[in-house]
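Undergrad: The following block contains the structure, expressed as structure tokens.
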Amino acid sequence: MTNENPAARFALKPPIFIWAVVIFLLAEPFALQLEGIDPSGPATQVAKPFALYLRLAVLGLVGAYVVQRGALSRVIRVAVSAPLLLALAVLALASAAWAAEPLPTILAGIEFLGTIFCLCAVIASQSKPDSARSVLIALSICVFASIVWALLLPHYGQHDRADIYQGGHVGKWRGIYRHKNILGQISGITVGVWLSPSGKLMPRYYRYAAIAGGVLCLAFAQSASGVLIALAGFGLGFVVFRLRGLARASGLAAGIVACGLLLGGGSELLSAILVAMGRSPTFSGRTYLWEAALTVISNHWFVGYGLVGTHDPEVMDVFSAISGEVHDAHNSYLELAIALGVVGLLLHVSAIIYAMAKRTRGSSRPEVTLGRQAAVVIIVMWLIAATVEAAPFMPGTTVEAFGLFAVLWLSAPQSARSGRGAQDEKNGGKTADLSVTPSGSRSSPRRKTFLDLDD
């Protein structure tokens, strides 16, 4: 690897920022406002489907642009590079055949496929380093928008006493999301990935601002899972990507030993650690929900209840018997197994393993290496987030968009482009865009549009 500083070559080109906004819009922003929910109103109020409409609108705009630019083949090339993820999307749509509510299942399946399509367009439309920069900027937009929301519109940006989303969290920030834990998780991912070496993809002042914003949101959201995610991302980035030789091996060995002691010590050791941290040994009652989820899964274990399986009356009755407020497993692995069964869970986990296995292939350019590290850190934090919340693996949720992006980024070929575009990327993107006239002579460089797909 050379000593080239990737940030030194960075310029905030409009496509990088615009595709970052696309990712941001896919990550369930302004949830309460789009759903027409008054957090201090009655819990029986019906949510409006405007969040779904926003994603479908983004899909329509991105789809129209890709078709107009003749880039559909490149987007498809990125998508088919993650065949297990596509198989999961097909299963999600097919689950409408046995779901209790077919129409919501079909809409959720379209939303899932649409998210994959849009993220493939983000990757196919830029060099891989620039698409990695887009996701870093999208994360920073999430935390900065949440800070503004919490300070200027505290009725929506903070929990209050009459809050239908657990009033016990009064005063804690949730920003542009429904719940403090969602803000905590997205802030934890932001801090973790920007603290990792991949933060060098951007200039130093970008990194400092994003990290400061993420830490501020973590502090005021008071989300334990968010802090854990941030620490895991920082630890992975430091031990795996910064240390070398014996130091790296020692760090990994220490982590493995710690996990082994924790697992070998059983529930007593885990409970003692949680109590020492001031947390409930039941993970705030989650263990009871997990036991109930295993019972639900055993009834339809193969392909589950459908993509929106927690809306099934049979499932809701089980969870309602434990908690009148919570109707999900509070664990995304179990939630996915309820929705799409063991088949869906295996497809999802296999898609991640497949992507991680491909991470060592491809270019050794510093920018590409840093982008690869960003994707790995995001996936690890995504997997941790999924252990304590139901949302991270499910379509239409905040963390899901970033996790899917990382899987697709690692799975995608080194260049989703062909011909001259692929060669340009190998050369660092420095070759001029020269069109060829019918007579075979070269014309002057063609002026690109503000969101031009690099051909």
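Each chain in the structure tokens gets a letter, A, B and so on, in the order shown; residues start at 1 in every chain, and ligands are counted from 1 in the order they appear.
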Pick out the residues sitting within 10 Å of stretch 49-51 of chain A, and hand them over as a PyMOL selection string; count only C-alpha atoms, and ignore anything fewer than 5 positions along from it in its own chain.
TA: chain A and resi 25-26+28-36+56-57+396
Undergrad: Out of stretch 46-143 of chain A, which residues get alpha helix (DSSP H) from DSSP, as a count of residues only?
TA: 79
Undergrad: Could you give me, as a list in words, the residues within 7 Å of stretch 191-208 of chain A, counting only C-alpha atoms and dropping anything in the same chain fewer than 2 positions from it?
TA: Pro6, Ala7, Phe10, Arg133, Ser187, Gly188, Ile189, Ala210, Ile211, Ala212, Gly214, Val215, Ala230, Leu231, Gly233, Phe234, Gly237, Phe238, Phe241, Glu367, Leu370, Gly371, Gln373, Ala374, Val377 and Ile378 of chain A
Undergrad: Write the residues you've just listed into a file as a PDB file, in the first residue's frame, and include C-alpha atoms for each of them.
TA:
ATOM      1  CA  PRO A   6      -7.196   9.381   0.152  1.00  0.00           C
ATOM      2  CA  ALA A   7      -8.683  12.432   1.861  1.00  0.00           C
ATOM      3  CA  PHE A  10     -11.420  14.228  -1.951  1.00  0.00           C
ATOM      4  CA  ARG A 133     -18.009   8.299   1.030  1.00  0.00           C
ATOM      5  CA  SER A 187     -25.258   7.231  16.270  1.00  0.00           C
ATOM      6  CA  GLY A 188     -23.206   4.251  17.445  1.00  0.00           C
ATOM      7  CA  ILE A 189     -22.643   3.151  13.862  1.00  0.00           C
ATOM      8  CA  ALA A 210     -19.310  13.571  12.452  1.00  0.00           C
ATOM      9  CA  ILE A 211     -17.768  11.938  15.526  1.00  0.00           C
ATOM     10  CA  ALA A 212     -18.748  14.891  17.734  1.00  0.00           C
ATOM     11  CA  GLY A 214     -22.571  11.039  17.003  1.00  0.00           C
ATOM     12  CA  VAL A 215     -21.177  11.273  20.549  1.00  0.00           C
ATOM     13  CA  ALA A 230     -19.792   2.368  18.938  1.00  0.00           C
ATOM     14  CA  LEU A 231     -17.268   0.599  21.173  1.00  0.00           C
ATOM     15  CA  GLY A 233     -16.865  -0.567  15.855  1.00  0.00           C
ATOM     16  CA  PHE A 234     -13.948   1.315  17.375  1.00  0.00           C
ATOM     17  CA  GLY A 237     -11.248  -0.832  13.582  1.00  0.00           C
ATOM     18  CA  PHE A 238      -8.371  -0.469  16.045  1.00  0.00           C
ATOM     19  CA  PHE A 241      -7.154  -2.555  10.856  1.00  0.00           C
ATOM     20  CA  GLU A 367      -9.274   4.315  -1.137  1.00  0.00           C
ATOM     21  CA  LEU A 370     -10.616   1.989   3.358  1.00  0.00           C
ATOM     22  CA  GLY A 371     -14.046   1.568   1.762  1.00  0.00           C
ATOM     23  CA  GLN A 373     -12.950  -1.573   5.993  1.00  0.00           C
ATOM     24  CA  ALA A 374     -15.944   0.745   6.374  1.00  0.00           C
ATOM     25  CA  VAL A 377     -17.203  -2.329  10.426  1.00  0.00           C
ATOM     26  CA  ILE A 378     -20.789  -1.426   9.491  1.00  0.00           C
TER      27      ILE A 378
END
Undergrad: When you look at stretch 104-106 of chain A with a cut-off of 8 Å (counting only C-alpha atoms), what residues show up, excluding the ones that are within fewer than 2 positions of it in the same chain? I need them as a list in words.
TA: Ala92, Leu93, Ser95, Ala96, Ala99, Glu101, Pro102, Ala108, Gly109, Ile110, Gly306, Leu307 and Val308 of chain A
Undergrad: Would you mind telling me which residue in A:Ala390, A:Gly341, A:Val21, A:Ser332 lies nearest to A:Ala138 when using only C-alpha atoms?
TA: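 For A:Ala138, the nearest of the given residues is A:Val21.
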Undergrad: A:Pro39: which residues within 8 Å, counting only C-alpha atoms, same-chain residues fewer than 2 positions away excluded, as a ChimeraX atom specification?
TA: /A:32,37,41,155-156,162-165
